[in-house]
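A short worksheet on the structure shown next.
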Amino acid sequence: MGVISLGLSEVQVGQIAADGGEATSYDKIGKTYQNTCKMVQEKADVTEHYEEGQSAPEVRKKKKKVPILTFSIMDPDPTFLKAYMGGEVTGTGDDMEWGWSDTDEDIEASIRVIPEVGLVYTIPRADIEAVLNADMSSQGINLVDFTVTPLKPKKAGVKTLKARKKTAKFPV
């Protein structure tokens, strides 16, 4: 019997385990902006080989594409910006300031998407690309847009993407 998944409870993040496996603990990443959390898998790249003069292929090779997770967070602070966009933070409290880095930084983490009901998706090793999307108009909002790409975990036997039914016991 199928599982219908509805709504979003929260997006969680955890530090990839030292052995290259999935994080052992997760925390809410921030407030996910309404209607922005989506996981989409594009069609596979297909190569077809034909006999001369024939319209049907003799061989059809497919290479799957990994599903990509996107969402936006609406409550970033300087520490959040450093964690997901790189750079550095100086000062404390009200004097805390984030400084953007001109160099690229690889940011990886375990990511878990928890619906209101249905399937919980877990990405044990995710590449995180976060970019500013700040609409400074009177009706706008400051967002950080995330593109999360699953990577092959460094620990043998760990799947790239997992889905499990949300229950009273999972996730804990």
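Naming works like this for the structure tokens: A, B, ... for the chains as they're shown, residue 1 at the start of each chain, ligands 1 onward in shown order.
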
Inset, instruction - Find the spatial neighbours of region 24-30 of chain A, counting only C-alpha atoms, within a cut-off of 9 Å - ignore same-chain residues fewer than 2 positions away - and output them as JSON, numbers by chain. - result: {"A": [10, 11, 12, 13, 14, 15, 16, 17, 21, 22, 32, 73, 74, 75, 76, 80, 110, 111, 112]}

Take the residues from that selection and put them in a file with all heavy atoms, as a compact mmCIF listing (two decimals), in the first residue's frame.
# COMPACT_ATOMS: atom_id res chain seq x y z
N GLU A 10 9.52 20.19 8.82
CA GLU A 10 10.77 20.95 8.89
C GLU A 10 11.85 20.29 8.08
O GLU A 10 11.78 19.11 7.75
CB GLU A 10 11.23 21.13 10.33
CG GLU A 10 11.57 19.87 11.07
CD GLU A 10 11.89 20.13 12.55
OE1 GLU A 10 11.17 20.88 13.21
OE2 GLU A 10 12.88 19.54 13.02
N VAL A 11 12.89 21.08 7.78
CA VAL A 11 14.12 20.58 7.17
C VAL A 11 15.16 20.56 8.28
O VAL A 11 15.30 21.52 9.04
CB VAL A 11 14.59 21.49 6.01
CG1 VAL A 11 15.91 20.99 5.44
CG2 VAL A 11 13.54 21.58 4.92
N GLN A 12 15.86 19.44 8.38
CA GLN A 12 16.88 19.28 9.43
C GLN A 12 18.25 19.09 8.82
O GLN A 12 18.38 18.61 7.69
CB GLN A 12 16.55 18.07 10.31
CG GLN A 12 15.26 18.20 11.08
CD GLN A 12 14.99 16.98 11.94
OE1 GLN A 12 15.47 15.88 11.68
NE2 GLN A 12 14.21 17.19 13.00
N VAL A 13 19.28 19.44 9.59
CA VAL A 13 20.65 19.30 9.15
C VAL A 13 21.47 18.67 10.27
O VAL A 13 21.18 18.88 11.44
CB VAL A 13 21.24 20.67 8.74
CG1 VAL A 13 21.29 21.62 9.92
CG2 VAL A 13 22.60 20.53 8.09
N GLY A 14 22.46 17.88 9.88
CA GLY A 14 23.37 17.26 10.84
C GLY A 14 24.76 17.16 10.27
O GLY A 14 24.94 17.17 9.05
N GLN A 15 25.74 17.05 11.15
CA GLN A 15 27.12 16.91 10.72
C GLN A 15 27.36 15.48 10.25
O GLN A 15 27.02 14.52 10.96
CB GLN A 15 28.07 17.25 11.86
CG GLN A 15 29.53 17.23 11.47
CD GLN A 15 30.44 17.68 12.59
OE1 GLN A 15 30.00 18.32 13.54
NE2 GLN A 15 31.70 17.36 12.48
N ILE A 16 27.93 15.32 9.06
CA ILE A 16 28.25 14.00 8.53
C ILE A 16 29.15 13.29 9.54
O ILE A 16 30.06 13.89 10.11
CB ILE A 16 28.95 14.12 7.15
CG1 ILE A 16 27.98 14.73 6.14
CG2 ILE A 16 29.44 12.75 6.68
CD1 ILE A 16 28.61 15.11 4.81
N ALA A 17 28.87 12.00 9.78
CA ALA A 17 29.64 11.23 10.76
C ALA A 17 31.12 11.15 10.37
O ALA A 17 31.46 11.21 9.18
CB ALA A 17 29.05 9.82 10.88
N GLY A 21 29.54 8.32 7.18
CA GLY A 21 28.14 7.93 7.14
C GLY A 21 27.22 9.09 7.51
O GLY A 21 27.65 10.23 7.69
N GLU A 22 25.94 8.76 7.64
CA GLU A 22 24.91 9.74 7.98
C GLU A 22 25.13 10.33 9.37
O GLU A 22 25.65 9.67 10.26
CB GLU A 22 23.55 9.05 7.92
CG GLU A 22 22.40 9.94 8.26
CD GLU A 22 21.07 9.21 8.30
OE1 GLU A 22 20.96 8.09 7.75
OE2 GLU A 22 20.13 9.75 8.89
N THR A 32 11.68 27.38 7.23
CA THR A 32 11.55 27.21 5.79
C THR A 32 10.41 28.08 5.28
O THR A 32 9.29 28.01 5.78
CB THR A 32 11.27 25.72 5.43
OG1 THR A 32 12.29 24.92 6.00
CG2 THR A 32 11.23 25.52 3.93
N ILE A 73 15.23 29.54 3.33
CA ILE A 73 15.16 29.80 4.77
C ILE A 73 14.95 31.30 4.97
O ILE A 73 15.63 32.12 4.34
CB ILE A 73 16.44 29.31 5.48
CG1 ILE A 73 16.58 27.79 5.36
CG2 ILE A 73 16.46 29.76 6.94
CD1 ILE A 73 15.48 26.99 6.02
N MET A 74 14.03 31.64 5.87
CA MET A 74 13.62 33.03 6.04
C MET A 74 14.18 33.72 7.28
O MET A 74 13.92 34.90 7.48
CB MET A 74 12.09 33.12 6.04
CG MET A 74 11.43 32.38 7.19
SD MET A 74 9.63 32.34 7.08
CE MET A 74 9.22 33.99 7.55
N ASP A 75 14.96 33.03 8.10
CA ASP A 75 15.45 33.65 9.34
C ASP A 75 16.96 33.52 9.54
O ASP A 75 17.42 33.13 10.60
CB ASP A 75 14.70 33.06 10.55
CG ASP A 75 14.94 31.56 10.73
OD1 ASP A 75 15.26 30.87 9.74
OD2 ASP A 75 14.80 31.08 11.87
N PRO A 76 17.76 33.89 8.51
CA PRO A 76 19.21 33.75 8.69
C PRO A 76 19.78 34.81 9.64
O PRO A 76 19.24 35.91 9.75
CB PRO A 76 19.75 33.97 7.27
CG PRO A 76 18.77 34.89 6.65
CD PRO A 76 17.42 34.47 7.21
N PHE A 80 24.40 31.62 10.79
CA PHE A 80 23.76 30.81 9.74
C PHE A 80 24.43 31.06 8.39
O PHE A 80 24.74 30.13 7.65
CB PHE A 80 22.28 31.16 9.67
CG PHE A 80 21.51 30.39 8.65
CD1 PHE A 80 20.83 29.23 9.01
CD2 PHE A 80 21.43 30.82 7.33
CE1 PHE A 80 20.12 28.51 8.06
CE2 PHE A 80 20.72 30.11 6.39
CZ PHE A 80 20.06 28.95 6.76
N SER A 110 24.57 16.26 6.34
CA SER A 110 23.43 15.36 6.18
C SER A 110 22.17 16.20 6.28
O SER A 110 22.08 17.10 7.12
CB SER A 110 23.42 14.29 7.29
OG SER A 110 24.51 13.40 7.17
N ILE A 111 21.20 15.92 5.42
CA ILE A 111 19.96 16.68 5.37
C ILE A 111 18.78 15.72 5.48
O ILE A 111 18.78 14.65 4.86
CB ILE A 111 19.83 17.49 4.05
CG1 ILE A 111 20.97 18.50 3.92
CG2 ILE A 111 18.46 18.15 3.93
CD1 ILE A 111 20.85 19.72 4.78
N ARG A 112 17.77 16.13 6.24
CA ARG A 112 16.56 15.32 6.39
C ARG A 112 15.35 16.24 6.21
O ARG A 112 15.29 17.31 6.79
CB ARG A 112 16.56 14.66 7.76
CG ARG A 112 15.48 13.66 7.97
CD ARG A 112 15.80 12.67 9.07
NE ARG A 112 15.93 13.30 10.37
CZ ARG A 112 16.32 12.63 11.46
NH1 ARG A 112 16.62 11.35 11.40
NH2 ARG A 112 16.41 13.25 12.62

Inset, instruction - Identify, on the basis of only C-alpha atoms, every residue whose closest approach to Gln41 (chain A) does not exceed 9 Å; exclude the query and any residue fewer than 5 positions from it along the same chain; express the result as a PyMOL selection string. - result: chain A and resi 64-69

Write the residues of the selection above to a file with N, CA, C and O atoms, as a short mmCIF file (atom, residue, chain, number, x, y, z; two decimals), in the first residue's frame.
data_model
loop_
_atom_site.label_atom_id
_atom_site.label_comp_id
_atom_site.auth_asym_id
_atom_site.auth_seq_id
_atom_site.Cartn_x
_atom_site.Cartn_y
_atom_site.Cartn_z
N LYS A 64 20.80 7.79 -14.91
CA LYS A 64 19.90 8.49 -14.00
C LYS A 64 20.52 9.77 -13.47
O LYS A 64 21.73 9.87 -13.31
N LYS A 65 19.64 10.71 -13.13
CA LYS A 65 20.05 11.94 -12.45
C LYS A 65 19.52 11.88 -11.02
O LYS A 65 18.44 11.36 -10.78
N VAL A 66 20.29 12.39 -10.10
CA VAL A 66 19.92 12.36 -8.69
C VAL A 66 18.85 13.43 -8.42
O VAL A 66 18.88 14.50 -9.03
N PRO A 67 17.88 13.14 -7.55
CA PRO A 67 16.90 14.18 -7.19
C PRO A 67 17.58 15.35 -6.47
O PRO A 67 18.44 15.14 -5.63
N ILE A 68 17.15 16.55 -6.80
CA ILE A 68 17.71 17.77 -6.21
C ILE A 68 16.67 18.38 -5.27
O ILE A 68 15.50 18.53 -5.63
N LEU A 69 17.11 18.75 -4.07
CA LEU A 69 16.24 19.37 -3.07
C LEU A 69 16.49 20.88 -3.09
O LEU A 69 17.63 21.33 -3.08
#

Legend entry - Separation of CA of Leu81 (chain A) from CA of Leu8 (chain A) in Å: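 Computed distance, CA of Leu8 (chain A) to CA of Leu81 (chain A), equals 22.8 Å.
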
Inset, instruction - Pull the alpha helix (DSSP H) assignments for chain A out of DSSP run on the backbone, and list those residues as a PyMOL selection string. - result: chain A and resi 78-85

Legend entry - Selection: 8 Å around Ala134 (chain A), only C-alpha atoms, excl. self and same-chain fewer than 5 positions, as a list of chain:residue names: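 Counting only C-alpha atoms, the residues come to A:Gly140, A:Ile141, A:Asn142, A:Leu143, A:Val144.
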
Legend entry - Among listed residues A:Ile114, A:Met85, A:Met1, A:Ala168, nearest Ile128 (chain A) (using only C-alpha atoms):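 Distance minimum relative to Ile128 (chain A) lands on A:Met85.
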
Inset, instruction - Compile the contact shell of Gly93 (chain A) as a ChimeraX atom specification: residues with an atom at most 12 Å away, counting only C-alpha atoms, same-chain residues fewer than 5 positions apart removed. - result: /A:77-79

Inset, instruction - Find the residues near Asp127 (chain A): any atom within 10 Å, counting only C-alpha atoms, skip ones fewer than 5 places away on the same chain, and give them as a ChimeraX atom specification. - result: /A:106-111,147-151

Selected residues, N, CA and C atoms, written as a PDB file, in the first residue's frame, please.
ATOM      1  N   ASP A 106      33.490  24.359  -0.130  1.00  0.00           N
ATOM      2  CA  ASP A 106      32.625  23.183  -0.215  1.00  0.00           C
ATOM      3  C   ASP A 106      31.939  23.000   1.123  1.00  0.00           C
ATOM      4  N   ILE A 107      30.619  23.010   1.104  1.00  0.00           N
ATOM      5  CA  ILE A 107      29.851  22.847   2.334  1.00  0.00           C
ATOM      6  C   ILE A 107      29.002  21.601   2.187  1.00  0.00           C
ATOM      7  N   GLU A 108      29.231  20.631   3.068  1.00  0.00           N
ATOM      8  CA  GLU A 108      28.522  19.358   3.040  1.00  0.00           C
ATOM      9  C   GLU A 108      27.909  19.083   4.401  1.00  0.00           C
ATOM     10  N   ALA A 109      26.778  18.384   4.399  1.00  0.00           N
ATOM     11  CA  ALA A 109      26.101  17.996   5.635  1.00  0.00           C
ATOM     12  C   ALA A 109      25.117  16.886   5.307  1.00  0.00           C
ATOM     13  N   SER A 110      24.569  16.261   6.344  1.00  0.00           N
ATOM     14  CA  SER A 110      23.434  15.357   6.182  1.00  0.00           C
ATOM     15  C   SER A 110      22.173  16.204   6.277  1.00  0.00           C
ATOM     16  N   ILE A 111      21.200  15.917   5.425  1.00  0.00           N
ATOM     17  CA  ILE A 111      19.956  16.684   5.371  1.00  0.00           C
ATOM     18  C   ILE A 111      18.781  15.720   5.477  1.00  0.00           C
ATOM     19  N   THR A 147      20.154  24.920  -2.693  1.00  0.00           N
ATOM     20  CA  THR A 147      20.125  23.829  -3.657  1.00  0.00           C
ATOM     21  C   THR A 147      20.967  22.729  -3.036  1.00  0.00           C
ATOM     22  N   VAL A 148      20.320  21.600  -2.744  1.00  0.00           N
ATOM     23  CA  VAL A 148      20.980  20.499  -2.047  1.00  0.00           C
ATOM     24  C   VAL A 148      21.080  19.313  -3.012  1.00  0.00           C
ATOM     25  N   THR A 149      22.319  18.925  -3.305  1.00  0.00           N
ATOM     26  CA  THR A 149      22.572  17.834  -4.244  1.00  0.00           C
ATOM     27  C   THR A 149      23.128  16.637  -3.493  1.00  0.00           C
ATOM     28  N   PRO A 150      22.447  15.500  -3.542  1.00  0.00           N
ATOM     29  CA  PRO A 150      22.980  14.307  -2.892  1.00  0.00           C
ATOM     30  C   PRO A 150      24.311  13.877  -3.519  1.00  0.00           C
ATOM     31  N   LEU A 151      25.260  13.526  -2.669  1.00  0.00           N
ATOM     32  CA  LEU A 151      26.555  12.993  -3.091  1.00  0.00           C
ATOM     33  C   LEU A 151      26.673  11.561  -2.598  1.00  0.00           C
TER      34      LEU A 151
END

Legend entry - Interatomic distance (Å, one decimal) between CA of Ala163 (chain A) and CA of Gly2 (chain A):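 Between CA of Ala163 (chain A) and CA of Gly2 (chain A) the gap works out to 12.7 Å.
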
Inset, instruction - Name the residues of chain A that fall into strand (DSSP E) according to DSSP on the backbone, using the chain letters and numbers of this document, as number ranges by chain. - result: A: 10-14, 27-28, 38-40, 45-49, 59-63, 68-73, 88-90, 97-99, 108-114, 119-134, 142-150, 162-165

Legend entry - Residue nearest Glu105 (chain A) among A:Leu132, A:Ala18, A:Ala56, A:Ala83 (counting only C-alpha atoms):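 Closest candidate: A:Ala83.
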
Inset, instruction - May I have the residues within 10 Å of Lys62 (chain A) as an MDAnalysis selection string, using only C-alpha atoms and disregarding those fewer than 4 positions away in the same chain? - result: chainID A and resid 43:48

Legend entry - Pairwise distance for CA of Val89 (chain A) and CA of Asp102 (chain A), rounded to one decimal in Å: 14.4 Å

Inset, instruction - Go through A:Gly53, A:Glu116, A:Ser101, A:Arg60 one by one, measure the shortest atom-to-atom distance of each to Gly7 (chain A) using only C-alpha atoms, and give the residue with the smallest value. - result: A:Glu116
